[in-house]
Amino acid sequence: RVSGAVHRAICGAMSSIPLTVEFRSAVALTNDVAPARYARLLERILNSLPTKAKIFTEAEEERLSELLKLSAAQLDTLVAASCYIFESAAYQMVYPDDLGTTLKEAGMLDTLVEVVTTIWEELGGAFVKRLKAASFGAPLSLTDSTWYMHLTMGRSGLTRLQEPTAIFELTLERPSQVSSEQETIGMEFDHDELSAFFGKLEQIQEQLDALG
């Protein structure tokens, strides 16, 4: 049976952004920022992602701290939280309305929620495309898949069939300039797990179509 980590990665792909204590604290800090200024800040952040470099120069950070009346540490928290929102929304393929619901649950003011969802709706598609084009660490790609049924019989040949399951084998490849590294993972689903899995795949396909 598929490991817990793989199962969570697949079946939990559509879960909302985790509302950690740190994230809620960052949201509380965000609530002190004027919507118009927050919008300009988010546009700059989202248009800069994905990046491993600092989004703002030191001079820009000083001006932002003064403009937003935040300390350097508070500004870092605000920027990190904004990156976290957009990156989580991209990786989990969250619709603007669903993103707004999550942010409201975290305590964000409605006026700022509207700012975030509007910017995500306008610029999120381009960000997702940049993520697809990026090649951080040569990610694994699916190159082949097979499946078969696994039938477990009762202790006696006369006993009814017990727990039919479907087993999938996925061949993954990480290409490099020299050679290709392959690995195979196996996943086993009973009827209910398989139905839930395909339901998630349909949701993912719908959102990929919408972003495309």
# chains A, B, ... in the order shown; residues from 1 in each chain; ligands from 1
>>> residues_around(residues="Pro18 of chain A", least_positions_apart="6", cutoff="12 Å", atoms="only C-alpha atoms", output="list in words")
Gly12, Arg24, Ala81, Tyr84, Ile85, Ser88, Ala89, Gln92, Leu99, Thr102, Leu103, Glu105 and Ala106 of chain A
>>> select_by_dssp(residues="segment 14-135 of chain A", states="helix (DSSP H, G or I)", output="ChimeraX atom specification")
/A:21-30,35-48,58-68,72-91,96-105,110-133
>>> closest_atom_pairs(of="segment 70-171 of chain A", to="segment 55-66 of chain A", cutoff="12 Å", atoms="only C-alpha atoms", output="tab-separated table")
residue	atom	partner	partner_atom	distance
A:Leu70	CA	A:Ser65	CA	4.8
A:Ser71	CA	A:Ser65	CA	5.9
A:Ala72	CA	A:Ser65	CA	6.3
A:Ala73	CA	A:Ser65	CA	9.3
A:Gln74	CA	A:Ser65	CA	8.4
A:Leu75	CA	A:Ser65	CA	6.4
A:Asp76	CA	A:Glu61	CA	8.8
A:Thr77	CA	A:Ser65	CA	11.7
A:Leu78	CA	A:Ser65	CA	10.6
A:Val79	CA	A:Ile55	CA	8.7
A:Ala80	CA	A:Ile55	CA	10.2
A:Ser82	CA	A:Ile55	CA	11.6
A:Cys83	CA	A:Ile55	CA	10.0
>>> atom_distance(atom1="atom CA of His150 of chain A", atom2="atom CA of Leu170 of chain A")
16.3 Å
>>> closest_residue(among="A:Leu19, A:Ala28, A:Ala34, A:Met93", to="Lys200 of chain A", atoms="only C-alpha atoms")
A:Met93
>>> atom_distance(atom1="atom CA of Asn47 of chain A", atom2="atom CA of Pro96 of chain A")
17.0 Å
>>> residues_around(residues="Glu121 of chain A", least_positions_apart="5", cutoff="12 Å", atoms="only C-alpha atoms", output="VMD selection string")
chain A and resid 43 46 86 89 to 90 93 to 100 114 to 116 126 to 128 210 to 211
>>> write_last_selection(atoms="all heavy atoms", output="short mmCIF file (atom, residue, chain, number, x, y, z; two decimals), in the first residue's frame")
data_model
loop_
_atom_site.label_atom_id
_atom_site.label_comp_id
_atom_site.auth_asym_id
_atom_site.auth_seq_id
_atom_site.Cartn_x
_atom_site.Cartn_y
_atom_site.Cartn_z
N GLU A 43 1.69 42.84 -5.92
CA GLU A 43 1.99 42.78 -7.35
C GLU A 43 3.48 42.58 -7.59
O GLU A 43 3.89 41.77 -8.43
CB GLU A 43 1.51 44.06 -8.03
CG GLU A 43 0.00 44.16 -8.19
CD GLU A 43 -0.41 45.43 -8.88
OE1 GLU A 43 0.48 46.11 -9.45
OE2 GLU A 43 -1.61 45.76 -8.86
N LEU A 46 4.39 38.89 -6.43
CA LEU A 46 3.92 37.82 -7.31
C LEU A 46 4.60 37.86 -8.66
O LEU A 46 4.90 36.81 -9.25
CB LEU A 46 2.40 37.90 -7.46
CG LEU A 46 1.73 36.75 -8.21
CD1 LEU A 46 2.16 35.40 -7.64
CD2 LEU A 46 0.21 36.88 -8.15
N PHE A 86 0.96 32.84 -2.01
CA PHE A 86 0.93 32.61 -3.45
C PHE A 86 1.55 31.26 -3.84
O PHE A 86 1.05 30.58 -4.74
CB PHE A 86 1.66 33.75 -4.18
CG PHE A 86 0.94 35.06 -4.11
CD1 PHE A 86 1.62 36.23 -3.82
CD2 PHE A 86 -0.43 35.13 -4.34
CE1 PHE A 86 0.96 37.46 -3.76
CE2 PHE A 86 -1.11 36.34 -4.28
CZ PHE A 86 -0.42 37.51 -3.99
N ALA A 89 -0.92 28.56 -2.87
CA ALA A 89 -2.06 28.58 -3.78
C ALA A 89 -1.70 27.98 -5.13
O ALA A 89 -2.51 27.29 -5.76
CB ALA A 89 -2.55 30.02 -3.96
N ALA A 90 -0.47 28.23 -5.58
CA ALA A 90 -0.03 27.69 -6.88
C ALA A 90 0.16 26.18 -6.82
O ALA A 90 -0.34 25.45 -7.68
CB ALA A 90 1.27 28.37 -7.31
N MET A 93 -3.09 24.59 -6.35
CA MET A 93 -4.05 24.97 -7.40
C MET A 93 -5.37 25.44 -6.80
O MET A 93 -6.43 24.88 -7.04
CB MET A 93 -4.25 23.80 -8.36
CG MET A 93 -3.02 23.52 -9.19
SD MET A 93 -3.16 22.06 -10.23
CE MET A 93 -3.08 20.76 -9.00
N VAL A 94 -5.29 26.48 -5.99
CA VAL A 94 -6.44 26.99 -5.28
C VAL A 94 -7.12 28.10 -6.09
O VAL A 94 -6.45 29.01 -6.58
CB VAL A 94 -6.02 27.55 -3.90
CG1 VAL A 94 -7.22 28.12 -3.15
CG2 VAL A 94 -5.36 26.45 -3.07
N TYR A 95 -8.44 28.02 -6.21
CA TYR A 95 -9.20 29.07 -6.87
C TYR A 95 -9.23 30.33 -6.00
O TYR A 95 -9.11 30.25 -4.78
CB TYR A 95 -10.64 28.61 -7.10
CG TYR A 95 -10.82 27.68 -8.27
CD1 TYR A 95 -11.37 26.41 -8.08
CD2 TYR A 95 -10.48 28.07 -9.56
CE1 TYR A 95 -11.57 25.55 -9.15
CE2 TYR A 95 -10.67 27.22 -10.64
CZ TYR A 95 -11.22 25.96 -10.42
OH TYR A 95 -11.40 25.12 -11.48
N PRO A 96 -9.41 31.51 -6.62
CA PRO A 96 -9.45 32.76 -5.85
C PRO A 96 -10.48 32.74 -4.72
O PRO A 96 -10.20 33.19 -3.60
CB PRO A 96 -9.79 33.81 -6.91
CG PRO A 96 -9.20 33.27 -8.17
CD PRO A 96 -9.42 31.79 -8.08
N ASP A 97 -11.69 32.23 -5.00
CA ASP A 97 -12.73 32.21 -3.96
C ASP A 97 -12.31 31.33 -2.78
O ASP A 97 -12.54 31.68 -1.62
CB ASP A 97 -14.06 31.71 -4.53
CG ASP A 97 -14.70 32.74 -5.46
OD1 ASP A 97 -14.27 33.90 -5.44
OD2 ASP A 97 -15.63 32.36 -6.21
N ASP A 98 -11.72 30.18 -3.08
CA ASP A 98 -11.27 29.29 -2.01
C ASP A 98 -10.12 29.90 -1.24
O ASP A 98 -10.03 29.75 -0.02
CB ASP A 98 -10.84 27.93 -2.60
CG ASP A 98 -12.00 27.19 -3.23
OD1 ASP A 98 -13.14 27.38 -2.76
OD2 ASP A 98 -11.78 26.43 -4.19
N LEU A 99 -9.24 30.60 -1.94
CA LEU A 99 -8.14 31.30 -1.27
C LEU A 99 -8.69 32.35 -0.32
O LEU A 99 -8.22 32.49 0.81
CB LEU A 99 -7.23 31.94 -2.31
CG LEU A 99 -6.04 32.75 -1.77
CD1 LEU A 99 -5.14 31.87 -0.91
CD2 LEU A 99 -5.26 33.37 -2.92
N GLY A 100 -9.70 33.09 -0.78
CA GLY A 100 -10.31 34.10 0.06
C GLY A 100 -10.93 33.52 1.31
O GLY A 100 -10.79 34.08 2.41
N GLU A 114 -9.88 40.75 -0.45
CA GLU A 114 -10.25 41.12 -1.81
C GLU A 114 -9.02 41.51 -2.63
O GLU A 114 -8.92 41.18 -3.82
CB GLU A 114 -11.25 42.27 -1.79
CG GLU A 114 -11.77 42.65 -3.17
CD GLU A 114 -12.81 43.74 -3.12
OE1 GLU A 114 -13.19 44.15 -2.00
OE2 GLU A 114 -13.25 44.20 -4.20
N VAL A 115 -8.08 42.20 -1.99
CA VAL A 115 -6.83 42.57 -2.67
C VAL A 115 -6.08 41.32 -3.11
O VAL A 115 -5.65 41.20 -4.27
CB VAL A 115 -5.94 43.43 -1.74
CG1 VAL A 115 -4.54 43.57 -2.34
CG2 VAL A 115 -6.56 44.81 -1.53
N VAL A 116 -5.92 40.36 -2.20
CA VAL A 116 -5.16 39.15 -2.50
C VAL A 116 -5.83 38.34 -3.60
O VAL A 116 -5.17 37.90 -4.57
CB VAL A 116 -5.00 38.28 -1.24
CG1 VAL A 116 -4.27 36.97 -1.59
CG2 VAL A 116 -4.24 39.02 -0.15
N ALA A 126 -0.06 33.38 -14.74
CA ALA A 126 1.30 33.59 -15.25
C ALA A 126 2.33 33.01 -14.29
O ALA A 126 3.35 32.45 -14.72
CB ALA A 126 1.55 35.08 -15.46
N PHE A 127 2.07 33.13 -12.99
CA PHE A 127 2.99 32.57 -12.00
C PHE A 127 3.06 31.05 -12.10
O PHE A 127 4.13 30.46 -12.06
CB PHE A 127 2.55 33.00 -10.60
CG PHE A 127 3.30 32.34 -9.47
CD1 PHE A 127 4.68 32.17 -9.53
CD2 PHE A 127 2.63 31.90 -8.34
CE1 PHE A 127 5.38 31.56 -8.49
CE2 PHE A 127 3.31 31.29 -7.30
CZ PHE A 127 4.69 31.12 -7.38
N VAL A 128 1.90 30.42 -12.26
CA VAL A 128 1.87 28.96 -12.39
C VAL A 128 2.63 28.52 -13.63
O VAL A 128 3.37 27.52 -13.61
CB VAL A 128 0.41 28.46 -12.45
CG1 VAL A 128 0.36 26.97 -12.81
CG2 VAL A 128 -0.28 28.69 -11.11
N ALA A 210 -8.47 25.42 -16.37
CA ALA A 210 -8.84 26.82 -16.12
C ALA A 210 -7.63 27.73 -16.20
O ALA A 210 -7.70 28.85 -16.70
CB ALA A 210 -9.51 26.94 -14.75
N LEU A 211 -6.48 27.24 -15.70
CA LEU A 211 -5.26 28.05 -15.71
C LEU A 211 -4.64 28.09 -17.10
O LEU A 211 -3.85 28.98 -17.41
CB LEU A 211 -4.24 27.50 -14.70
CG LEU A 211 -4.60 27.69 -13.22
CD1 LEU A 211 -3.63 26.93 -12.34
CD2 LEU A 211 -4.61 29.16 -12.86
#
>>> atom_distance(atom1="atom CA of Asp192 of chain A", atom2="atom CA of Pro164 of chain A")
11.1 Å
>>> closest_residue(among="A:Met187, A:Ala166, A:Met149, A:Leu42", to="Thr118 of chain A", atoms="only C-alpha atoms")
A:Leu42
>>> closest_residue(among="A:Asn31, A:Thr171, A:Ala133, A:Glu202", to="Trp147 of chain A", atoms="only C-alpha atoms")
A:Thr171
>>> residues_around(residues="Thr165 of chain A", least_positions_apart="4", cutoff="7 Å", atoms="only C-alpha atoms", output="PyMOL selection string")
chain A and resi 149-151+188-191
>>> closest_residue(among="A:Leu41, A:Leu29, A:Ile185, A:Leu208", to="Leu67 of chain A", atoms="only C-alpha atoms")
A:Leu41
>>> closest_residue(among="A:Asp209, A:Glu193, A:Asp144, A:Glu122", to="Ala39 of chain A", atoms="only C-alpha atoms")
A:Glu122
>>> select_by_dssp(residues="segment 16-169 of chain A", states="strand (DSSP E or B)", output="list in words")
Ser141, Leu142, Thr143, Asp144, Ser145, Thr146, Trp147, Tyr148, Met149, His150, Leu151, Thr152, Gln162, Glu163, Pro164, Thr165, Ala166, Ile167, Phe168 and Glu169 of chain A
